[in-house]
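Data file: work26.pdb. Format and content: PDB, C-alpha atoms.
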```
ATOM      1  CA  MET A 710       0.000   0.000   0.000  1.00  0.00           C
ATOM      2  CA  ARG A 711       1.374   3.387  -1.042  1.00  0.00           C
ATOM      3  CA  LEU A 712       0.780   5.758   1.832  1.00  0.00           C
ATOM      4  CA  ALA A 713       0.741   9.555   2.030  1.00  0.00           C
ATOM      5  CA  VAL A 714       0.565  11.698   5.163  1.00  0.00           C
ATOM      6  CA  LEU A 715      -1.241  15.032   5.390  1.00  0.00           C
ATOM      7  CA  GLY A 716      -0.657  16.819   8.672  1.00  0.00           C
ATOM      8  CA  GLY A 717      -1.877  20.103  10.057  1.00  0.00           C
ATOM      9  CA  SER A 718      -3.967  21.790  12.679  1.00  0.00           C
ATOM     10  CA  PHE A 719      -7.309  21.008  10.964  1.00  0.00           C
ATOM     11  CA  ASN A 720      -8.915  23.685  13.091  1.00  0.00           C
ATOM     12  CA  PRO A 721     -11.391  22.943  11.583  1.00  0.00           C
ATOM     13  CA  ILE A 722     -11.015  20.505   8.693  1.00  0.00           C
ATOM     14  CA  HIS A 723     -12.511  21.948   5.486  1.00  0.00           C
ATOM     15  CA  LEU A 724     -13.186  20.962   1.891  1.00  0.00           C
ATOM     16  CA  GLY A 725      -9.758  22.182   0.797  1.00  0.00           C
ATOM     17  CA  HIS A 726      -8.132  19.487   2.934  1.00  0.00           C
ATOM     18  CA  LEU A 727     -10.311  16.759   1.420  1.00  0.00           C
ATOM     19  CA  TYR A 728      -9.773  18.072  -2.115  1.00  0.00           C
ATOM     20  CA  LEU A 729      -6.007  17.973  -1.621  1.00  0.00           C
ATOM     21  CA  ALA A 730      -6.194  14.409  -0.303  1.00  0.00           C
ATOM     22  CA  ASP A 731      -8.276  13.432  -3.337  1.00  0.00           C
ATOM     23  CA  ILE A 732      -5.681  14.968  -5.685  1.00  0.00           C
ATOM     24  CA  VAL A 733      -2.953  12.847  -4.082  1.00  0.00           C
ATOM     25  CA  LEU A 734      -5.131   9.743  -4.337  1.00  0.00           C
ATOM     26  CA  SER A 735      -6.096  10.397  -7.959  1.00  0.00           C
ATOM     27  CA  THR A 736      -2.859  11.626  -9.566  1.00  0.00           C
ATOM     28  CA  PRO A 737       0.012   9.307 -10.584  1.00  0.00           C
ATOM     29  CA  LEU A 738       3.066  10.845  -8.924  1.00  0.00           C
ATOM     30  CA  VAL A 739       6.741  10.141  -9.592  1.00  0.00           C
ATOM     31  CA  SER A 740       8.315   8.711  -6.466  1.00  0.00           C
ATOM     32  CA  THR A 741      12.039   8.434  -5.818  1.00  0.00           C
ATOM     33  CA  SER A 742      11.514   4.797  -4.843  1.00  0.00           C
ATOM     34  CA  GLN A 743       9.219   3.478  -7.588  1.00  0.00           C
ATOM     35  CA  SER A 744       7.436   4.234 -10.871  1.00  0.00           C
ATOM     36  CA  PRO A 745       4.610   6.806 -11.063  1.00  0.00           C
ATOM     37  CA  ALA A 746       1.443   5.650  -9.336  1.00  0.00           C
ATOM     38  CA  CYS A 747      -1.427   7.003  -7.274  1.00  0.00           C
ATOM     39  CA  TYR A 748      -1.268   6.700  -3.527  1.00  0.00           C
ATOM     40  CA  ASP A 749      -3.660   4.167  -2.008  1.00  0.00           C
ATOM     41  CA  ARG A 750      -4.384   5.942   1.246  1.00  0.00           C
ATOM     42  CA  VAL A 751      -3.937   9.357   2.823  1.00  0.00           C
ATOM     43  CA  VAL A 752      -3.478   9.504   6.577  1.00  0.00           C
ATOM     44  CA  MET A 753      -4.567  12.788   8.121  1.00  0.00           C
ATOM     45  CA  VAL A 754      -2.636  13.602  11.287  1.00  0.00           C
ATOM     46  CA  PRO A 755      -3.883  16.489  13.425  1.00  0.00           C
ATOM     47  CA  ALA A 756      -1.126  18.204  15.388  1.00  0.00           C
ATOM     48  CA  TYR A 757      -1.343  18.450  19.154  1.00  0.00           C
ATOM     49  CA  ARG A 758       0.679  21.666  18.969  1.00  0.00           C
ATOM     50  CA  SER A 759       2.104  22.730  15.630  1.00  0.00           C
ATOM     51  CA  PRO A 760       5.699  24.068  15.575  1.00  0.00           C
ATOM     52  CA  PHE A 761       4.471  26.562  12.945  1.00  0.00           C
ATOM     53  CA  LYS A 762       1.727  27.925  15.234  1.00  0.00           C
ATOM     54  CA  LEU A 763       3.304  28.061  18.660  1.00  0.00           C
ATOM     55  CA  GLN A 764       1.466  31.311  19.441  1.00  0.00           C
ATOM     56  CA  ALA A 765      -1.945  29.857  18.580  1.00  0.00           C
ATOM     57  CA  GLU A 766      -4.144  29.561  21.633  1.00  0.00           C
ATOM     58  CA  GLY A 767      -6.300  26.592  22.544  1.00  0.00           C
ATOM     59  CA  MET A 768      -4.826  24.005  20.187  1.00  0.00           C
ATOM     60  CA  GLU A 769      -4.196  21.539  22.985  1.00  0.00           C
ATOM     61  CA  ASP A 770      -7.683  22.044  24.415  1.00  0.00           C
ATOM     62  CA  SER A 771      -9.293  21.493  20.993  1.00  0.00           C
ATOM     63  CA  ALA A 772      -7.259  18.395  20.110  1.00  0.00           C
ATOM     64  CA  ARG A 773     -10.016  15.859  20.785  1.00  0.00           C
ATOM     65  CA  GLU A 774     -12.658  17.894  18.936  1.00  0.00           C
ATOM     66  CA  ARG A 775     -10.382  18.424  15.932  1.00  0.00           C
ATOM     67  CA  LEU A 776      -9.755  14.681  15.840  1.00  0.00           C
ATOM     68  CA  GLU A 777     -13.478  13.937  16.005  1.00  0.00           C
ATOM     69  CA  MET A 778     -14.268  16.403  13.222  1.00  0.00           C
ATOM     70  CA  ILE A 779     -11.750  14.746  10.917  1.00  0.00           C
ATOM     71  CA  ALA A 780     -13.039  11.254  11.700  1.00  0.00           C
ATOM     72  CA  ALA A 781     -16.625  12.356  11.032  1.00  0.00           C
ATOM     73  CA  SER A 782     -15.737  13.956   7.692  1.00  0.00           C
ATOM     74  CA  PHE A 783     -15.026  10.910   5.526  1.00  0.00           C
ATOM     75  CA  ALA A 784     -16.699   7.964   7.225  1.00  0.00           C
ATOM     76  CA  GLY A 785     -16.965   5.036   4.826  1.00  0.00           C
ATOM     77  CA  ASP A 786     -14.096   6.084   2.522  1.00  0.00           C
ATOM     78  CA  PRO A 787     -11.333   3.463   2.940  1.00  0.00           C
ATOM     79  CA  ARG A 788      -8.829   5.676   1.112  1.00  0.00           C
ATOM     80  CA  LEU A 789      -8.775   8.152   3.986  1.00  0.00           C
ATOM     81  CA  THR A 790      -7.990   7.646   7.636  1.00  0.00           C
ATOM     82  CA  VAL A 791      -7.117   9.742  10.656  1.00  0.00           C
ATOM     83  CA  ASP A 792      -4.308   8.980  13.075  1.00  0.00           C
ATOM     84  CA  ASP A 793      -4.017  10.419  16.589  1.00  0.00           C
ATOM     85  CA  CYS A 794      -0.303   9.721  17.152  1.00  0.00           C
ATOM     86  CA  GLU A 795       0.622  13.410  17.598  1.00  0.00           C
ATOM     87  CA  ILE A 796      -2.248  14.002  19.988  1.00  0.00           C
ATOM     88  CA  ARG A 797      -1.264  10.930  22.005  1.00  0.00           C
ATOM     89  CA  ARG A 798       2.355  12.122  22.160  1.00  0.00           C
ATOM     90  CA  GLU A 799       1.279  15.628  23.224  1.00  0.00           C
ATOM     91  CA  GLY A 800       3.844  18.419  23.237  1.00  0.00           C
ATOM     92  CA  VAL A 801       5.029  20.054  20.009  1.00  0.00           C
ATOM     93  CA  SER A 802       4.338  17.819  16.996  1.00  0.00           C
ATOM     94  CA  TYR A 803       7.455  17.161  14.895  1.00  0.00           C
ATOM     95  CA  THR A 804       7.099  15.534  11.483  1.00  0.00           C
ATOM     96  CA  VAL A 805      10.187  13.349  11.800  1.00  0.00           C
ATOM     97  CA  ASP A 806       8.686  11.592  14.840  1.00  0.00           C
ATOM     98  CA  THR A 807       5.319  11.177  13.140  1.00  0.00           C
ATOM     99  CA  LEU A 808       6.784   9.625   9.991  1.00  0.00           C
ATOM    100  CA  ALA A 809       8.800   7.103  11.993  1.00  0.00           C
ATOM    101  CA  ASP A 810       5.692   6.178  13.986  1.00  0.00           C
ATOM    102  CA  ILE A 811       3.455   5.865  10.896  1.00  0.00           C
ATOM    103  CA  ALA A 812       6.044   3.793   9.015  1.00  0.00           C
ATOM    104  CA  SER A 813       6.429   1.339  11.902  1.00  0.00           C
ATOM    105  CA  ARG A 814       2.681   0.754  12.271  1.00  0.00           C
ATOM    106  CA  TYR A 815       1.361   0.907   8.694  1.00  0.00           C
ATOM    107  CA  ASN A 816       4.240  -0.853   6.913  1.00  0.00           C
ATOM    108  CA  PRO A 817       3.768   1.097   3.660  1.00  0.00           C
ATOM    109  CA  GLN A 818       5.081   0.121   0.245  1.00  0.00           C
ATOM    110  CA  GLY A 819       8.056   2.291  -0.639  1.00  0.00           C
ATOM    111  CA  LYS A 820       8.591   5.725   0.867  1.00  0.00           C
ATOM    112  CA  ILE A 821       5.761   7.611   2.500  1.00  0.00           C
ATOM    113  CA  GLY A 822       4.498  10.671   0.648  1.00  0.00           C
ATOM    114  CA  LEU A 823       4.574  13.775   2.870  1.00  0.00           C
ATOM    115  CA  VAL A 824       2.129  16.412   1.644  1.00  0.00           C
ATOM    116  CA  ILE A 825       2.988  20.032   2.477  1.00  0.00           C
ATOM    117  CA  GLY A 826       1.864  23.391   1.144  1.00  0.00           C
ATOM    118  CA  ASP A 827       4.104  25.593  -0.962  1.00  0.00           C
ATOM    119  CA  ASP A 828       4.029  28.142   1.868  1.00  0.00           C
ATOM    120  CA  LEU A 829       6.170  25.740   3.923  1.00  0.00           C
ATOM    121  CA  ALA A 830       8.348  24.385   1.113  1.00  0.00           C
ATOM    122  CA  GLU A 831      11.074  27.029   1.026  1.00  0.00           C
ATOM    123  CA  ASP A 832      11.889  26.613   4.722  1.00  0.00           C
ATOM    124  CA  PHE A 833      11.648  22.824   4.760  1.00  0.00           C
ATOM    125  CA  LEU A 834      15.393  22.276   5.276  1.00  0.00           C
ATOM    126  CA  GLN A 835      15.067  24.181   8.573  1.00  0.00           C
ATOM    127  CA  TRP A 836      12.621  21.614   9.947  1.00  0.00           C
ATOM    128  CA  ARG A 837      13.828  19.363  12.745  1.00  0.00           C
ATOM    129  CA  ASP A 838      15.916  16.492  11.246  1.00  0.00           C
ATOM    130  CA  ALA A 839      15.035  17.433   7.659  1.00  0.00           C
ATOM    131  CA  ASP A 840      17.569  14.925   6.304  1.00  0.00           C
ATOM    132  CA  ALA A 841      15.903  12.122   8.251  1.00  0.00           C
ATOM    133  CA  ILE A 842      12.536  13.197   6.840  1.00  0.00           C
ATOM    134  CA  LEU A 843      13.937  13.067   3.298  1.00  0.00           C
ATOM    135  CA  ALA A 844      15.248   9.563   3.969  1.00  0.00           C
ATOM    136  CA  MET A 845      11.798   8.386   5.043  1.00  0.00           C
ATOM    137  CA  ALA A 846       9.509  10.341   2.740  1.00  0.00           C
ATOM    138  CA  ASP A 847       8.941  11.822  -0.699  1.00  0.00           C
ATOM    139  CA  ILE A 848       8.020  15.485  -0.262  1.00  0.00           C
ATOM    140  CA  ILE A 849       4.810  16.308  -2.149  1.00  0.00           C
ATOM    141  CA  ILE A 850       4.265  20.040  -2.539  1.00  0.00           C
ATOM    142  CA  ALA A 851       0.764  21.361  -3.169  1.00  0.00           C
ATOM    143  CA  ARG A 852      -0.070  24.822  -4.433  1.00  0.00           C
ATOM    144  CA  ARG A 853      -1.450  27.291  -1.918  1.00  0.00           C
ATOM    145  CA  PHE A 854       0.029  30.616  -2.981  1.00  0.00           C
ATOM    146  CA  HIS A 855       2.398  29.994  -5.909  1.00  0.00           C
ATOM    147  CA  SER A 856       1.236  29.246  -9.447  1.00  0.00           C
ATOM    148  CA  GLY A 857       4.553  28.131 -10.936  1.00  0.00           C
ATOM    149  CA  ILE A 858       7.209  25.502 -10.256  1.00  0.00           C
ATOM    150  CA  LEU A 859       9.412  26.207  -7.258  1.00  0.00           C
ATOM    151  CA  ASP A 860      13.182  25.790  -7.530  1.00  0.00           C
ATOM    152  CA  LEU A 861      14.062  23.980  -4.313  1.00  0.00           C
ATOM    153  CA  PRO A 862      17.387  22.504  -3.104  1.00  0.00           C
ATOM    154  CA  TYR A 863      15.975  19.075  -2.178  1.00  0.00           C
ATOM    155  CA  PRO A 864      14.084  16.271  -3.977  1.00  0.00           C
ATOM    156  CA  ASN A 865      10.381  16.966  -4.247  1.00  0.00           C
ATOM    157  CA  ILE A 866       7.206  16.251  -6.204  1.00  0.00           C
ATOM    158  CA  GLN A 867       5.171  19.334  -7.121  1.00  0.00           C
ATOM    159  CA  ILE A 868       1.532  18.787  -7.976  1.00  0.00           C
ATOM    160  CA  VAL A 869      -0.625  21.086 -10.078  1.00  0.00           C
ATOM    161  CA  ASN A 870      -3.816  21.587  -8.122  1.00  0.00           C
ATOM    162  CA  ASP A 871      -6.523  24.224  -8.155  1.00  0.00           C
ATOM    163  CA  VAL A 872      -6.145  26.586  -5.214  1.00  0.00           C
ATOM    164  CA  MET A 873      -9.248  26.755  -3.054  1.00  0.00           C
ATOM    165  CA  GLU A 874      -9.572  30.154  -1.414  1.00  0.00           C
ATOM    166  CA  ILE A 875     -10.369  28.746   1.983  1.00  0.00           C
ATOM    167  CA  SER A 876      -8.456  28.478   5.239  1.00  0.00           C
ATOM    168  CA  SER A 877      -9.240  27.280   8.736  1.00  0.00           C
ATOM    169  CA  ALA A 878      -8.480  30.734  10.155  1.00  0.00           C
ATOM    170  CA  ALA A 879     -10.935  32.415   7.764  1.00  0.00           C
ATOM    171  CA  LEU A 880     -13.515  29.729   8.540  1.00  0.00           C
ATOM    172  CA  ARG A 881     -13.260  30.356  12.273  1.00  0.00           C
ATOM    173  CA  GLU A 882     -13.923  34.039  11.661  1.00  0.00           C
ATOM    174  CA  LYS A 883     -16.916  33.291   9.438  1.00  0.00           C
ATOM    175  CA  ILE A 884     -18.367  30.907  12.019  1.00  0.00           C
ATOM    176  CA  ALA A 885     -17.893  33.417  14.837  1.00  0.00           C
ATOM    177  CA  ARG A 886     -19.628  36.136  12.790  1.00  0.00           C
ATOM    178  CA  ASN A 887     -22.366  33.711  11.696  1.00  0.00           C
ATOM    179  CA  GLU A 888     -21.549  34.295   8.030  1.00  0.00           C
ATOM    180  CA  ALA A 889     -21.953  31.717   5.260  1.00  0.00           C
ATOM    181  CA  TRP A 890     -19.718  28.781   6.153  1.00  0.00           C
ATOM    182  CA  HIS A 891     -21.842  25.634   6.355  1.00  0.00           C
ATOM    183  CA  TYR A 892     -20.886  24.170   2.975  1.00  0.00           C
ATOM    184  CA  LEU A 893     -17.184  24.923   3.292  1.00  0.00           C
ATOM    185  CA  VAL A 894     -16.747  22.060   5.769  1.00  0.00           C
ATOM    186  CA  PRO A 895     -17.736  18.377   5.461  1.00  0.00           C
ATOM    187  CA  HIS A 896     -21.148  17.471   6.828  1.00  0.00           C
ATOM    188  CA  GLY A 897     -19.799  15.480   9.791  1.00  0.00           C
ATOM    189  CA  ALA A 898     -17.587  18.345  10.940  1.00  0.00           C
ATOM    190  CA  ARG A 899     -20.416  20.845  10.474  1.00  0.00           C
ATOM    191  CA  THR A 900     -22.699  18.796  12.733  1.00  0.00           C
ATOM    192  CA  ILE A 901     -20.098  18.744  15.520  1.00  0.00           C
ATOM    193  CA  ILE A 902     -19.489  22.497  15.217  1.00  0.00           C
ATOM    194  CA  GLU A 903     -23.207  23.253  15.381  1.00  0.00           C
ATOM    195  CA  GLU A 904     -24.098  20.890  18.216  1.00  0.00           C
ATOM    196  CA  ARG A 905     -21.160  21.894  20.429  1.00  0.00           C
ATOM    197  CA  GLY A 906     -21.143  25.592  19.590  1.00  0.00           C
ATOM    198  CA  LEU A 907     -17.501  25.644  18.496  1.00  0.00           C
ATOM    199  CA  PHE A 908     -15.543  28.667  17.264  1.00  0.00           C
ATOM    200  CA  GLY A 909     -17.933  31.147  18.868  1.00  0.00           C
ATOM    201  CA  LEU A 910     -21.076  29.741  17.267  1.00  0.00           C
ATOM    202  CA  ALA A 911     -24.203  29.744  19.379  1.00  0.00           C
ATOM    203  CA  LYS A 912     -24.805  26.155  20.470  1.00  0.00           C
ATOM    204  CA  ARG A 913     -27.716  24.597  18.610  1.00  0.00           C
ATOM    205  CA  PRO A 914     -30.405  23.319  20.982  1.00  0.00           C
ATOM    206  CA  LYS A 915     -31.234  19.658  20.656  1.00  0.00           C
ATOM    207  CA  GLU A 916     -34.573  18.908  19.131  1.00  0.00           C
ATOM    208  CA  ALA A 917     -36.927  16.972  21.382  1.00  0.00           C
ATOM    209  CA  GLY A 918     -36.622  13.255  20.780  1.00  0.00           C
ATOM    210  CA  CYS A 919     -33.859  13.657  18.204  1.00  0.00           C
ATOM    211  CA  ASP A 920     -30.199  13.079  18.976  1.00  0.00           C
ATOM    212  CA  GLN A 921     -27.176  12.627  16.707  1.00  0.00           C
ATOM    213  CA  LEU A 922     -27.783   8.881  16.389  1.00  0.00           C
ATOM    214  CA  ASP A 923     -31.280   9.613  15.061  1.00  0.00           C
ATOM    215  CA  LYS A 924     -29.905  12.108  12.529  1.00  0.00           C
ATOM    216  CA  ASN A 925     -27.231   9.720  11.290  1.00  0.00           C
ATOM    217  CA  LEU A 926     -29.894   7.039  10.874  1.00  0.00           C
ATOM    218  CA  ILE A 927     -32.072   9.439   8.871  1.00  0.00           C
ATOM    219  CA  ILE A 928     -29.127  10.275   6.596  1.00  0.00           C
ATOM    220  CA  ARG A 929     -28.388   6.588   5.967  1.00  0.00           C
ATOM    221  CA  VAL A 930     -32.051   5.843   5.227  1.00  0.00           C
ATOM    222  CA  GLU A 931     -32.261   8.783   2.809  1.00  0.00           C
ATOM    223  CA  ASP A 932     -29.089   7.646   1.027  1.00  0.00           C
ATOM    224  CA  THR A 933     -30.429   4.098   0.664  1.00  0.00           C
ATOM    225  CA  VAL A 934     -33.806   5.268  -0.630  1.00  0.00           C
ATOM    226  CA  ARG A 935     -32.212   7.665  -3.103  1.00  0.00           C
ATOM    227  CA  GLU A 936     -30.030   4.888  -4.510  1.00  0.00           C
ATOM    228  CA  ASN A 937     -33.010   2.608  -5.100  1.00  0.00           C
ATOM    229  CA  LEU A 938     -35.633   5.040  -6.414  1.00  0.00           C
ATOM    230  CA  SER A 939     -35.792   7.321  -9.402  1.00  0.00           C
ATOM    231  CA  LEU A 940     -34.990  10.933  -8.675  1.00  0.00           C
ATOM    232  CA  GLU A 941     -38.603  11.939  -9.273  1.00  0.00           C
ATOM    233  CA  ARG A 942     -39.953   9.402  -6.769  1.00  0.00           C
ATOM    234  CA  PHE A 943     -37.296  10.301  -4.191  1.00  0.00           C
ATOM    235  CA  ILE A 944     -38.131  14.019  -4.368  1.00  0.00           C
ATOM    236  CA  HIS A 945     -41.826  13.253  -4.106  1.00  0.00           C
TER     237      HIS A 945
END
```
Hey, can you dump this file as structure tokens for me?
Amino acid sequence: MRLAVLGGSFNPIHLGHLYLADIVLSTPLVSTSQSPACYDRVVMVPAYRSPFKLQAEGMEDSARERLEMIAASFAGDPRLTVDDCEIRREGVSYTVDTLADIASRYNPQGKIGLVIGDDLAEDFLQWRDADAILAMADIIIARRFHSGILDLPYPNIQIVNDVMEISSAALREKIARNEAWHYLVPHGARTIIEERGLFGLAKRPKEAGCDQLDKNLIIRVEDTVRENLSLERFIH
């Protein structure tokens, strides 16, 4: 199994994260260890405390909720998974430790693909044990701000992806101001945000006789009915 790792704060996870994972899963990429092929699985790893956001407040306190939002965002898709190794380790989350942990437990085929944004690419060699990271992983660089090919002093794979104008920081502001945000996050994450009143959102009161289990059951029933009826009958 060819394995790629996508780390970050995921505070909260949004459609841009899932789109990027889908690009990695759908695009044959040239690896330093084998011929071009698509990755089989992307492991999303939420940071307990990111070394790039040491001044960010509340990351440790939100760790469990961020993990739950990721897990709820792609239930049923075997190509995606979430791993809590950085949250379990606590402290500042360093990529070199995460890659060693993932490699020992998942036993991937060839080198792991490490997905990073082009905003982090130029300073990559300043990361902790960058040489050890390069020995364990192929660096996959996704576009966030740059539109061209970056000239970098280390082996890398640069993918050509559409840039989605969305960020977790902007989402938190939209949620706090009660602006349009609901369809910028996956449904599972949106439900958690609404029911727990995260990011400054007013907590949604529970409807009488209806809890989250009921809602998930309704969604599954609707999906099953839609698959087995014509569109006209389903709408009716």
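Pairwise distance (atom CA of Phe833 of chain A, atom CA of Glu774 of chain A) equals 28.6 Å.
Across A:Ser718, A:Ser744, A:Asn870, A:Thr933, the tightest approach to Tyr757 of chain A is made by A:Ser718 when counting only C-alpha atoms.
The space separating atom CA of Pro817 of chain A from atom CA of Ser782 of chain A comes to 23.7 Å.
Counting all atoms listed in the file and comparing A:Gly819, A:Gly857, A:Pro895, A:Pro787, the residue that lies closest to Tyr728 of chain A is A:Pro895.
When atom CA of Ala812 of chain A is paired with atom CA of Ala898 of chain A, their separation reads 27.8 Å.
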- Task: Any chance you could resolve the PyMOL selection byres ((chain A and resi 747) around 8) against this file and give the residues as JSON, numbers by chain?
- Result: {"A": [711, 733, 734, 735, 736, 737, 738, 745, 746, 748, 749]}
Step by step, work through what the PyMOL selection byres ((chain A and resi 821) around 8) selects in the shown file, and finish by giving those residues as a compact mmCIF listing (two decimals) with C-alpha atoms, keeping the file's coordinate frame.
```txt
# COMPACT_ATOMS: atom_id res chain seq x y z
CA ARG A 711 1.37 3.39 -1.04
CA LEU A 712 0.78 5.76 1.83
CA ALA A 713 0.74 9.56 2.03
CA VAL A 714 0.56 11.70 5.16
CA LEU A 808 6.78 9.62 9.99
CA ALA A 812 6.04 3.79 9.02
CA PRO A 817 3.77 1.10 3.66
CA GLN A 818 5.08 0.12 0.24
CA GLY A 819 8.06 2.29 -0.64
CA LYS A 820 8.59 5.72 0.87
CA GLY A 822 4.50 10.67 0.65
CA LEU A 823 4.57 13.78 2.87
CA MET A 845 11.80 8.39 5.04
CA ALA A 846 9.51 10.34 2.74
CA ASP A 847 8.94 11.82 -0.70
```
- Which residue of A:Gly897, A:Gly800, A:Gly725, A:Pro755 approaches Glu874 of chain A most closely, using all atoms listed in the file: A:Gly725
- Task: Name the closest residue to Ala756 of chain A among the candidates A:Glu904, A:Glu769, A:Asp827, A:Asp731; distances are taken between atoms, counting all atoms listed in the file.
- Result: A:Glu769
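Residue nearest Leu907 of chain A within the list A:Asp792, A:Ser771, A:Thr804, A:Ile732: A:Ser771 [criterion: smallest interatomic distance, only C-alpha atoms].
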Env of Leu861 of chain A: 10 Å cut, atoms = all atoms listed in the file, seq-sep filter 5 positions within chain, self excluded. Answer as a PDB file with C-alpha atoms, in the coordinates of the input.
```pdb
ATOM      1  CA  ALA A 830       8.348  24.385   1.113  1.00  0.00           C
ATOM      2  CA  GLU A 831      11.074  27.029   1.026  1.00  0.00           C
ATOM      3  CA  ASP A 832      11.889  26.613   4.722  1.00  0.00           C
ATOM      4  CA  PHE A 833      11.648  22.824   4.760  1.00  0.00           C
ATOM      5  CA  LEU A 834      15.393  22.276   5.276  1.00  0.00           C
TER       6      LEU A 834
END
```
- Message: Ranking A:Asp828, A:Asp871, A:Glu903, A:Glu799 by minimum distance to Arg758 of chain A and counting all atoms listed in the file, which one comes first?
- Response: A:Glu799
- Give me the residues within 6 Å of segment 850-854 of chain A as a list in words, counting only C-alpha atoms and dropping any in the same chain fewer than 6 places off. Val824, Ile825, Gly826, Asp827, Gln867, Ile868 and Val872 of chain A
- Query: Around (-19.0, 16.9, 11.5) in the file's frame, which residues reach within 12 Å when counting all atoms listed in the file? Return as a PyMOL selection string?
  - Reply: chain A and resi 721-724+774-784+891-905+907+921+924-925
With C-alpha atoms kept, could you save the residues just selected as a PDB file, in the frame of the given file?
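What ended up in out.pdb:
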```pdb
ATOM      1  CA  PRO A 721     -11.391  22.943  11.583  1.00  0.00           C
ATOM      2  CA  ILE A 722     -11.015  20.505   8.693  1.00  0.00           C
ATOM      3  CA  HIS A 723     -12.511  21.948   5.486  1.00  0.00           C
ATOM      4  CA  LEU A 724     -13.186  20.962   1.891  1.00  0.00           C
ATOM      5  CA  GLU A 774     -12.658  17.894  18.936  1.00  0.00           C
ATOM      6  CA  ARG A 775     -10.382  18.424  15.932  1.00  0.00           C
ATOM      7  CA  LEU A 776      -9.755  14.681  15.840  1.00  0.00           C
ATOM      8  CA  GLU A 777     -13.478  13.937  16.005  1.00  0.00           C
ATOM      9  CA  MET A 778     -14.268  16.403  13.222  1.00  0.00           C
ATOM     10  CA  ILE A 779     -11.750  14.746  10.917  1.00  0.00           C
ATOM     11  CA  ALA A 780     -13.039  11.254  11.700  1.00  0.00           C
ATOM     12  CA  ALA A 781     -16.625  12.356  11.032  1.00  0.00           C
ATOM     13  CA  SER A 782     -15.737  13.956   7.692  1.00  0.00           C
ATOM     14  CA  PHE A 783     -15.026  10.910   5.526  1.00  0.00           C
ATOM     15  CA  ALA A 784     -16.699   7.964   7.225  1.00  0.00           C
ATOM     16  CA  HIS A 891     -21.842  25.634   6.355  1.00  0.00           C
ATOM     17  CA  TYR A 892     -20.886  24.170   2.975  1.00  0.00           C
ATOM     18  CA  LEU A 893     -17.184  24.923   3.292  1.00  0.00           C
ATOM     19  CA  VAL A 894     -16.747  22.060   5.769  1.00  0.00           C
ATOM     20  CA  PRO A 895     -17.736  18.377   5.461  1.00  0.00           C
ATOM     21  CA  HIS A 896     -21.148  17.471   6.828  1.00  0.00           C
ATOM     22  CA  GLY A 897     -19.799  15.480   9.791  1.00  0.00           C
ATOM     23  CA  ALA A 898     -17.587  18.345  10.940  1.00  0.00           C
ATOM     24  CA  ARG A 899     -20.416  20.845  10.474  1.00  0.00           C
ATOM     25  CA  THR A 900     -22.699  18.796  12.733  1.00  0.00           C
ATOM     26  CA  ILE A 901     -20.098  18.744  15.520  1.00  0.00           C
ATOM     27  CA  ILE A 902     -19.489  22.497  15.217  1.00  0.00           C
ATOM     28  CA  GLU A 903     -23.207  23.253  15.381  1.00  0.00           C
ATOM     29  CA  GLU A 904     -24.098  20.890  18.216  1.00  0.00           C
ATOM     30  CA  ARG A 905     -21.160  21.894  20.429  1.00  0.00           C
ATOM     31  CA  LEU A 907     -17.501  25.644  18.496  1.00  0.00           C
ATOM     32  CA  GLN A 921     -27.176  12.627  16.707  1.00  0.00           C
ATOM     33  CA  LYS A 924     -29.905  12.108  12.529  1.00  0.00           C
ATOM     34  CA  ASN A 925     -27.231   9.720  11.290  1.00  0.00           C
TER      35      ASN A 925
END
```
